[in-house]
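Trainee: Could you have a look at this structure, given as structure tokens, before my questions?
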Amino acid sequence: MEANPIVLDDAAGDVVVVVVEGEHDIYTAPTLRERLDEAIGRGGGVVVDLTGATFVDSSVLGALLDARRRALEAGQGFVVSVGASVEPGVQRILDITGLVPVLPVVNDRAAAIETARVNGNGSGG
Amino acid sequence: MTAAPDVHLTMPARPEGVAVVRQALAGMADALAFEAAVLADMKMAVSEACTNVVVHAYDGDQGTLEVDMLADENGLTIRVRDHGTGIRPEAARSRDVPALGLGLPLIAALSDAFTLQGSAGQGTEVRMTFHYARDSDPAEENPVPGTLGDDGRWAPGARRETSAG
């Protein structure tokens, strides 16, 4: 049993959800980058679900921003989702870096999937 | 308030050690009366300081990460120290390891007091103090500079547009 799992959930079909749970930092960031690469490689929208994450640092933000850039360049939607209540170890770094509106971060996985679907499909040109 | 022992950690400067430091910090904070929000900031700031050591201090060579935690009546002071090549934040940004240059700005924003000491070849020491309770949010006094550029890359020094005006 992995203590801090990062798994892909493709139940939504054309949008892949990268489910990130537990604490993530410089040690797990390379694994996160691999999973994000895999998700982008599937060609559809990408949602990173941090609902189960309890801590993320700037290494994780770096991985998310790189993935976001590559997804958008490829015409794929990219959205981060969190739960209705967010762990301070996740919310705080998103708040003070001002990344909530730009990543973007939304408080609902289903809404994130829909946004990633709409923003993708090459519709953004 | 229960007196907490001073804690001194020395370990190899490797990525897997950062979580160990966070766990020790959480244990230390349990013995003290920290607000949850301060503890969260402490874990984040100390992680960033340790990550700087792991990623930048030894230029690929082996080295040690030293962390001291010293409690007094006002709060907890944490020193994160290495014996590496010294402070080179700009050089670090251009290296192979992806870095946003956010480490020190985050530490400044999350801690109630913060100093950085070091010189080339003498190693670096980051010293952070966290008060048990806060009158104000340090992130408002020391906001993290930077924003996401139009190219999708983090621009560390860029001014962020705020609705506050």
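To be explicit about the labels: the chains of the structure tokens are called A, B, and onward in the order shown, and within each one the residues are counted from 1, while ligands get numbers from 1 in the order they are shown.
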Quick one: residues within 12 Å of region 60-67 of chain B, only C-alpha atoms counted, chain neighbours fewer than 6 positions away excluded, as a ChimeraX atom specification?

Mentor: /B:6-18,20-22,24-25,46-47,49-54,77-85,95-97,123-128

Trainee: Excluding Asp37 (chain A) and residues on its chain fewer than 2 positions from it, collect all residues at most 10 Å away from it, counting only C-alpha atoms, and give them as a list of chain:residue names.

Mentor: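 Everything that qualifies: A:Thr31, A:Leu32, A:Arg33, A:Glu34, A:Arg35, A:Ala39, A:Ile40, A:Gly41, A:Arg42, A:Ala63, A:Asp66, A:Ala67, A:Arg70, A:Ala71.
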
Trainee: Please list as a list in words every residue within 8 Å of Gly157 (chain B), counting only C-alpha atoms and excluding residues in the same chain fewer than 6 positions away.

Mentor: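 Listed by chain and then number, they are Pro145, Gly146 and Thr147 of chain B.
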
Trainee: Identify every residue of chain A that has at least one atom within 7 Å of any atom of chain B, counting only C-alpha atoms, and report the result as a ChimeraX atom specification.

Mentor: /A:26-27,57-59,62,69,88-89,96-97

Trainee: Only all heavy atoms, please: the residues just picked out, written as a compact mmCIF listing (two decimals), in the first residue's frame.

Mentor:
```txt
# COMPACT_ATOMS: atom_id res chain seq x y z
N ILE A 26 9.51 17.19 -2.81
CA ILE A 26 10.63 16.94 -3.73
C ILE A 26 10.85 15.44 -3.97
O ILE A 26 11.32 15.03 -5.03
CB ILE A 26 11.92 17.59 -3.17
CG1 ILE A 26 13.10 17.47 -4.12
CG2 ILE A 26 12.29 17.00 -1.81
CD1 ILE A 26 13.00 18.34 -5.33
N TYR A 27 10.47 14.63 -2.99
CA TYR A 27 10.69 13.18 -3.12
C TYR A 27 9.70 12.55 -4.09
O TYR A 27 10.07 11.67 -4.89
CB TYR A 27 10.57 12.52 -1.74
CG TYR A 27 10.81 11.04 -1.73
CD1 TYR A 27 11.95 10.50 -2.34
CD2 TYR A 27 9.92 10.17 -1.10
CE1 TYR A 27 12.19 9.13 -2.31
CE2 TYR A 27 10.15 8.81 -1.08
CZ TYR A 27 11.28 8.29 -1.69
OH TYR A 27 11.50 6.94 -1.68
N ASP A 57 4.22 21.03 -1.86
CA ASP A 57 5.20 22.11 -1.79
C ASP A 57 5.45 22.71 -3.17
O ASP A 57 4.74 22.41 -4.13
CB ASP A 57 6.50 21.60 -1.15
CG ASP A 57 7.32 20.77 -2.13
OD1 ASP A 57 6.78 20.33 -3.17
OD2 ASP A 57 8.51 20.54 -1.86
N SER A 58 6.48 23.54 -3.27
CA SER A 58 6.74 24.22 -4.55
C SER A 58 7.22 23.26 -5.63
O SER A 58 7.08 23.55 -6.82
CB SER A 58 7.75 25.36 -4.36
OG SER A 58 9.03 24.86 -4.05
N SER A 59 7.78 22.10 -5.23
CA SER A 59 8.16 21.09 -6.23
C SER A 59 6.93 20.59 -6.96
O SER A 59 6.96 20.33 -8.17
CB SER A 59 8.85 19.90 -5.56
OG SER A 59 9.88 20.31 -4.71
N GLY A 62 5.63 23.25 -9.28
CA GLY A 62 6.43 23.26 -10.50
C GLY A 62 5.97 22.18 -11.47
O GLY A 62 5.86 22.42 -12.68
N ARG A 69 1.18 23.89 -18.80
CA ARG A 69 1.69 24.55 -20.01
C ARG A 69 1.67 23.60 -21.20
O ARG A 69 1.20 23.94 -22.29
CB ARG A 69 3.11 25.07 -19.76
CG ARG A 69 3.62 25.97 -20.87
CD ARG A 69 5.02 26.48 -20.60
NE ARG A 69 6.02 25.42 -20.69
CZ ARG A 69 6.69 24.94 -19.66
NH1 ARG A 69 6.51 25.43 -18.46
NH2 ARG A 69 7.57 23.98 -19.84
N PRO A 88 -4.97 22.90 5.07
CA PRO A 88 -4.15 24.11 5.03
C PRO A 88 -2.81 23.89 4.33
O PRO A 88 -2.28 24.82 3.71
CB PRO A 88 -3.96 24.48 6.51
CG PRO A 88 -4.42 23.30 7.30
CD PRO A 88 -5.38 22.54 6.44
N GLY A 89 -2.29 22.67 4.39
CA GLY A 89 -1.03 22.36 3.72
C GLY A 89 -1.13 22.36 2.21
O GLY A 89 -0.13 22.25 1.51
N ILE A 96 -1.19 31.88 -1.52
CA ILE A 96 -0.17 32.93 -1.46
C ILE A 96 0.65 33.03 -2.74
O ILE A 96 1.34 34.02 -2.95
CB ILE A 96 0.76 32.80 -0.23
CG1 ILE A 96 1.62 31.55 -0.30
CG2 ILE A 96 -0.05 32.83 1.05
CD1 ILE A 96 2.59 31.46 0.87
N THR A 97 0.55 32.03 -3.60
CA THR A 97 1.18 32.15 -4.92
C THR A 97 0.21 32.71 -5.95
O THR A 97 0.60 32.94 -7.09
CB THR A 97 1.71 30.78 -5.40
OG1 THR A 97 0.64 29.82 -5.34
CG2 THR A 97 2.87 30.31 -4.55
```

Trainee: Could you pull the residues within 9 Å of Val17 (chain A), counting only C-alpha atoms, minus those fewer than 4 positions along the same chain, as a list in words?

Mentor: Val7, Leu8, Asp9, Asp10, Ala11, Ala12, Ala39, Gly45, Val46, Val47, Val48, Asp49, Arg109 and Ile113 of chain A

Trainee: Using CA of Thr115 (chain B) and CA of Ala133 (chain B) as the two end points, give the distance in Å to one decimal.

Mentor: 20.1 Å
